[in-house]
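K.L.:
Data: run.txt, compact mmCIF, C-alpha atoms.
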```txt
# COMPACT_ATOMS: atom_id res chain seq x y z
CA MET A 1 -50.50 -11.89 -25.47
CA HIS A 2 -47.42 -11.89 -23.22
CA GLU A 3 -49.43 -10.59 -20.28
CA ASP A 4 -52.01 -13.34 -20.76
CA ALA A 5 -49.28 -15.95 -21.04
CA ILE A 6 -47.87 -15.00 -17.64
CA VAL A 7 -51.33 -15.00 -16.05
CA LYS A 8 -52.04 -18.47 -17.51
CA TYR A 9 -48.61 -19.71 -16.42
CA ALA A 10 -49.20 -18.58 -12.81
CA SER A 11 -52.72 -20.02 -12.78
CA THR A 12 -51.92 -23.57 -13.84
CA ASP A 13 -49.88 -26.50 -12.55
CA ASP A 14 -49.81 -28.15 -15.96
CA LYS A 15 -46.08 -28.55 -16.72
CA ALA A 16 -46.61 -29.09 -20.43
CA LEU A 17 -48.71 -25.95 -20.73
CA ARG A 18 -46.24 -23.94 -18.70
CA SER A 19 -43.38 -25.12 -20.89
CA LYS A 20 -45.29 -24.17 -24.06
CA LEU A 21 -46.21 -20.72 -22.68
CA TYR A 22 -42.64 -20.00 -21.64
CA ILE A 23 -41.02 -21.17 -24.87
CA GLU A 24 -43.44 -19.40 -27.20
CA TYR A 25 -44.23 -16.18 -25.33
CA ILE A 26 -42.69 -15.56 -21.92
CA GLY A 27 -39.06 -16.55 -22.60
CA PRO A 28 -38.58 -14.31 -25.65
CA ALA A 29 -40.33 -11.43 -23.87
CA PHE A 30 -38.14 -11.85 -20.80
CA ASN A 31 -35.02 -11.89 -22.97
CA GLU A 32 -36.01 -8.60 -24.55
CA MET A 33 -37.05 -7.09 -21.22
CA VAL A 34 -33.80 -8.01 -19.42
CA ASP A 35 -31.63 -6.77 -22.30
CA LYS A 36 -33.52 -3.49 -22.44
CA ILE A 37 -33.19 -2.92 -18.67
CA VAL A 38 -29.48 -3.71 -18.75
CA TYR A 39 -28.98 -1.21 -21.59
CA THR A 40 -31.31 1.50 -20.23
CA TYR A 41 -29.87 1.57 -16.71
CA LYS A 42 -26.29 0.93 -17.87
CA PHE A 43 -25.93 -2.30 -15.94
CA ASN A 44 -23.70 -3.45 -18.78
CA THR A 45 -20.80 -1.86 -16.89
CA LEU A 46 -20.96 -4.71 -14.39
CA PRO A 47 -18.24 -7.34 -14.73
CA ASN A 48 -19.44 -10.62 -16.28
CA ILE A 49 -22.60 -8.91 -17.49
CA ASP A 50 -23.34 -11.66 -20.02
CA TYR A 51 -23.30 -14.23 -17.24
CA LEU A 52 -25.44 -11.98 -15.00
CA ARG A 53 -27.94 -11.38 -17.80
CA ASP A 54 -28.43 -15.13 -18.29
CA ASP A 55 -28.52 -15.70 -14.54
CA CYS A 56 -31.27 -13.11 -14.16
CA LYS A 57 -33.35 -14.75 -16.88
CA LEU A 58 -33.03 -18.14 -15.18
CA TRP A 59 -33.99 -16.56 -11.87
CA LEU A 60 -37.12 -15.04 -13.42
CA ILE A 61 -38.26 -18.54 -14.39
CA THR A 62 -38.09 -19.64 -10.75
CA ILE A 63 -40.39 -16.85 -9.60
CA LEU A 64 -42.86 -16.90 -12.49
CA ASP A 65 -45.42 -18.93 -10.57
CA LYS A 66 -45.23 -16.50 -7.67
CA TYR A 67 -46.90 -13.77 -9.67
CA ASP A 68 -50.25 -12.90 -8.08
CA VAL A 69 -52.87 -12.69 -10.81
CA GLU A 70 -54.95 -10.51 -8.51
CA ARG A 71 -52.33 -7.75 -8.62
CA LYS A 72 -53.45 -4.49 -10.11
CA SER A 73 -50.07 -3.97 -11.79
CA LYS A 74 -49.45 -5.64 -15.10
CA ALA A 75 -47.25 -8.70 -15.15
CA PHE A 76 -44.45 -7.19 -17.19
CA SER A 77 -44.40 -4.02 -15.11
CA TYR A 78 -44.07 -6.23 -12.04
CA PHE A 79 -41.24 -8.31 -13.47
CA SER A 80 -39.54 -5.22 -14.87
CA VAL A 81 -39.31 -3.74 -11.37
CA ILE A 82 -38.08 -7.05 -9.97
CA THR A 83 -35.43 -7.31 -12.70
CA LYS A 84 -34.24 -3.76 -12.14
CA ASN A 85 -33.95 -4.36 -8.38
CA TRP A 86 -32.09 -7.63 -9.03
CA PHE A 87 -29.42 -5.80 -11.01
CA ILE A 88 -29.26 -2.98 -8.46
CA HIS A 89 -28.52 -5.60 -5.84
CA LYS A 90 -25.72 -6.94 -8.05
CA VAL A 91 -24.33 -3.42 -8.40
CA LYS A 92 -24.25 -3.08 -4.60
CA GLN A 93 -22.55 -6.45 -4.26
CA ASN A 94 -19.96 -5.45 -6.83
CA SER A 95 -19.35 -2.12 -5.06
CA LYS A 96 -18.74 -3.93 -1.77
CA LYS A 97 -16.37 -6.33 -3.50
CA LEU A 98 -14.45 -3.46 -5.10
CA LYS A 99 -14.22 -1.75 -1.73
CA ARG A 100 -12.89 -4.92 -0.11
CA ASP A 101 -10.41 -5.39 -2.95
CA LEU A 102 -9.22 -1.81 -2.59
CA GLN A 103 -8.85 -2.19 1.17
CA TYR A 104 -6.96 -5.44 0.63
CA GLU A 105 -4.75 -3.74 -1.96
CA ASP A 106 -4.15 -0.80 0.37
CA LEU A 107 -3.24 -3.24 3.14
CA ASN A 108 -0.83 -5.01 0.82
CA ASN A 109 0.66 -1.66 -0.17
CA GLU A 110 1.06 -0.70 3.49
CA ILE A 111 2.79 -4.01 4.19
CA GLU A 112 5.06 -3.55 1.18
CA ILE A 113 5.86 0.01 2.23
CA GLU A 114 6.52 -1.13 5.79
CA GLN A 115 8.79 -3.89 4.52
CA LEU A 116 10.53 -1.39 2.25
CA VAL A 117 11.00 1.03 5.15
CA VAL A 118 12.37 -1.74 7.36
CA GLN A 119 14.70 -2.78 4.56
CA ASN A 120 15.82 0.80 3.98
CA VAL A 121 16.39 1.31 7.71
CA TYR A 122 18.50 -1.83 7.80
CA GLU A 123 20.52 -0.73 4.79
CA SER A 124 20.95 2.75 6.23
CA ASN A 125 22.05 1.39 9.59
CA ARG A 126 24.40 -1.06 7.91
CA GLU A 127 25.94 1.68 5.79
CA GLN A 128 26.36 3.90 8.83
CA TYR A 129 27.99 1.07 10.76
CA GLU A 130 30.43 0.38 7.94
CA PHE A 131 31.22 4.10 7.63
CA TRP A 132 32.23 4.35 11.29
CA GLN A 133 34.17 1.11 11.14
CA HIS A 134 36.20 2.40 8.21
CA LEU A 135 36.62 5.80 9.88
CA PHE A 136 38.06 4.18 13.01
CA GLU A 137 40.42 2.16 10.83
CA GLU A 138 41.45 5.35 9.03
CA MET A 139 42.04 7.14 12.35
CA ALA A 140 44.26 4.26 13.44
CA LYS A 141 46.36 4.90 10.34
CA TRP A 142 46.64 8.59 11.23
CA GLU A 143 48.32 7.60 14.49
CA ASN A 144 51.21 6.21 12.48
CA LEU A 145 51.82 9.57 10.84
CA LYS A 146 54.37 12.05 12.14
CA LEU A 147 51.96 14.01 14.31
CA LYS A 148 52.73 16.78 16.69
CA GLU A 149 52.18 15.87 20.32
CA THR A 150 49.23 18.25 20.57
CA GLU A 151 47.60 16.78 17.47
CA ARG A 152 48.13 13.26 18.82
CA ARG A 153 46.39 14.27 22.07
CA VAL A 154 43.43 15.75 20.18
CA LEU A 155 43.11 12.63 18.00
CA GLU A 156 43.18 10.42 21.08
CA ALA A 157 40.52 12.63 22.71
CA ILE A 158 38.29 12.26 19.63
CA LYS A 159 38.55 8.47 19.84
CA ILE A 160 37.71 8.54 23.55
CA LEU A 161 34.62 10.68 22.91
CA PHE A 162 33.48 8.44 20.05
CA ASN A 163 33.73 5.40 22.32
CA SER A 164 31.94 7.14 25.20
CA THR A 165 28.83 8.53 23.42
CA ASP A 166 26.47 6.50 25.63
CA GLU A 167 28.04 7.93 28.77
CA ILE A 168 28.06 11.59 27.74
CA GLU A 169 24.86 13.34 28.82
CA ILE A 170 25.44 16.73 27.18
CA PHE A 171 26.49 16.64 23.55
CA ASN A 172 26.88 20.18 22.16
CA LYS A 173 29.81 22.14 20.80
CA LYS A 174 30.65 23.88 24.07
CA ALA A 175 30.49 20.65 26.06
CA ILE A 176 32.70 18.87 23.53
CA TYR A 177 35.42 21.50 23.89
CA LEU A 178 35.20 21.21 27.68
CA TYR A 179 35.58 17.43 27.49
CA MET A 180 38.52 17.74 25.11
CA ARG A 181 40.24 20.31 27.32
CA GLU A 182 39.94 17.94 30.28
CA ILE A 183 41.22 14.96 28.26
CA THR A 184 44.09 16.69 26.44
CA GLY A 185 45.14 19.33 28.95
CA LEU A 186 45.24 21.80 26.03
CA ASN A 187 43.54 25.16 25.78
CA THR A 188 40.69 25.86 23.35
CA LYS A 189 42.91 27.53 20.74
CA GLN A 190 45.29 24.57 20.65
CA ILE A 191 42.37 22.17 20.33
CA VAL A 192 40.81 24.17 17.47
CA ASN A 193 44.09 24.37 15.52
CA ASN A 194 44.66 20.63 15.78
CA LEU A 195 41.04 19.82 15.00
CA ASN A 196 41.41 21.78 11.75
CA ARG A 197 44.29 19.52 10.72
CA ILE A 198 42.29 16.42 11.55
CA ARG A 199 39.26 17.79 9.67
CA LYS A 200 41.31 17.99 6.48
CA ARG A 201 42.11 14.29 6.72
CA TYR A 202 38.48 13.53 7.55
CA ARG A 203 37.22 15.44 4.49
CA ILE A 204 39.54 13.44 2.26
CA PHE A 205 38.34 10.20 3.84
CA LYS A 206 34.66 11.16 3.46
CA SER A 207 35.14 12.18 -0.17
CA GLU A 208 36.76 8.84 -0.94
CA TRP A 209 33.95 7.03 0.90
CA GLU A 210 31.21 8.82 -1.01
CA LYS A 211 32.93 8.02 -4.32
CA GLY A 212 33.01 4.35 -3.33
CA LYS A 213 36.78 4.19 -3.29
CA ILE A 214 36.87 2.91 0.30
```
What do you get writing this file as structure tokens?

P.N.:
Amino acid sequence: MHEDAIVKYASTDDKALRSKLYIEYIGPAFNEMVDKIVYTYKFNTLPNIDYLRDDCKLWLITILDKYDVERKSKAFSYFSVITKNWFIHKVKQNSKKLKRDLQYEDLNNEIEIEQLVVQNVYESNREQYEFWQHLFEEMAKWENLKLKETERRVLEAIKILFNSTDEIEIFNKKAIYLYMREITGLNTKQIVNNLNRIRKRYRIFKSEWEKGKI
């Protein structure tokens, strides 16, 4: 009966007859067919599946009169294949959308990470700047202590080297000692002994800095 209804529908231009055939036979059969295909092929995992199911049924109405009655395949087999392909197309569209959304999300994440890195670099640079500023202030206080002449020379040499980092081409331990010998006029042993005294003060300063007391 449903097969005959589709054949009659496609073979006539009578709107009243078409409406009667669709309401009584074709519509209910299409509803059952679409629901069965959605369930069988698990298209119900698509978002907005209820909307898509109704949309597909409306679309089938628009192509009903395009069915060729001379086809060897039965009407419902023909429309079943068309319905299945319609939902497959929706699956592909959804997959592309998900891929775009993921790419967009990844891009957003990259931007957020980049912003976070920039922010962290700024904070790190700012903290480093403040550390050196406070260290220089601390070293200025050391100059007011009762220092031996040799220790005062070594401290002054350290300040000169700190302020000349852009001009010094070689920056390793041996080169530093050579620079300090030239600046202070002291021998290596004298420099090492006085550096050890200054290191003690530096360790105290750094400990206080790390505890947030400075």

K.L.:
Quick one: residues within 9 Å of Lys90 of chain A, all atoms listed in the file, excluding same-chain residues fewer than 4 positions away - as a VMD selection string?

P.N.:
chain A and resid 46 52 85 to 86 94 to 95

K.L.:
Using only C-alpha atoms, find the one residue out of A:Ile49, A:Asp65, A:Phe43, A:Thr188 that sits nearest to Tyr22 of chain A.

P.N.:
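Result for the nearest residue to Tyr22 of chain A: A:Asp65.
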
K.L.:
I want to know what sits within 10 Å of segment 26-42 of chain A, based on all atoms listed in the file, with residues of the same chain fewer than 5 positions away left out; could you give that as a ChimeraX atom specification?

P.N.:
/A:1-6,9,18-21,49-50,52-54,56-58,60-61,64,76,79-81,83-84,87-88

K.L.:
Neighbours of Asp68 of chain A within 9 Å (only C-alpha atoms; same-chain residues fewer than 3 positions away dropped), as a PyMOL selection string?

P.N.:
chain A and resi 7+10-11+65+71+75

K.L.:
If I take atom CA of Met180 of chain A and atom CA of Phe205 of chain A, how far is one from the other in Å, to one decimal?

P.N.:
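Here the two named atoms are 22.6 Å from each other.
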
K.L.:
When you count all atoms listed in the file, which of these residues is closest to Leu178 of chain A: A:Lys141, A:Glu210, A:Ala157, A:Thr12?

P.N.:
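Smallest separation from Leu178 of chain A among the options: A:Ala157.
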
K.L.:
Please indicate the distance in Å from atom CA of Gln190 of chain A to atom CA of Met139 of chain A, rounded to one decimal place.

P.N.:
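So the answer is 19.6 Å.
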
K.L.:
Quick one, how far is atom CA of Lys92 of chain A from atom CA of Asn44 of chain A?

P.N.:
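Atom CA of Asn44 of chain A lies 14.2 Å from atom CA of Lys92 of chain A.
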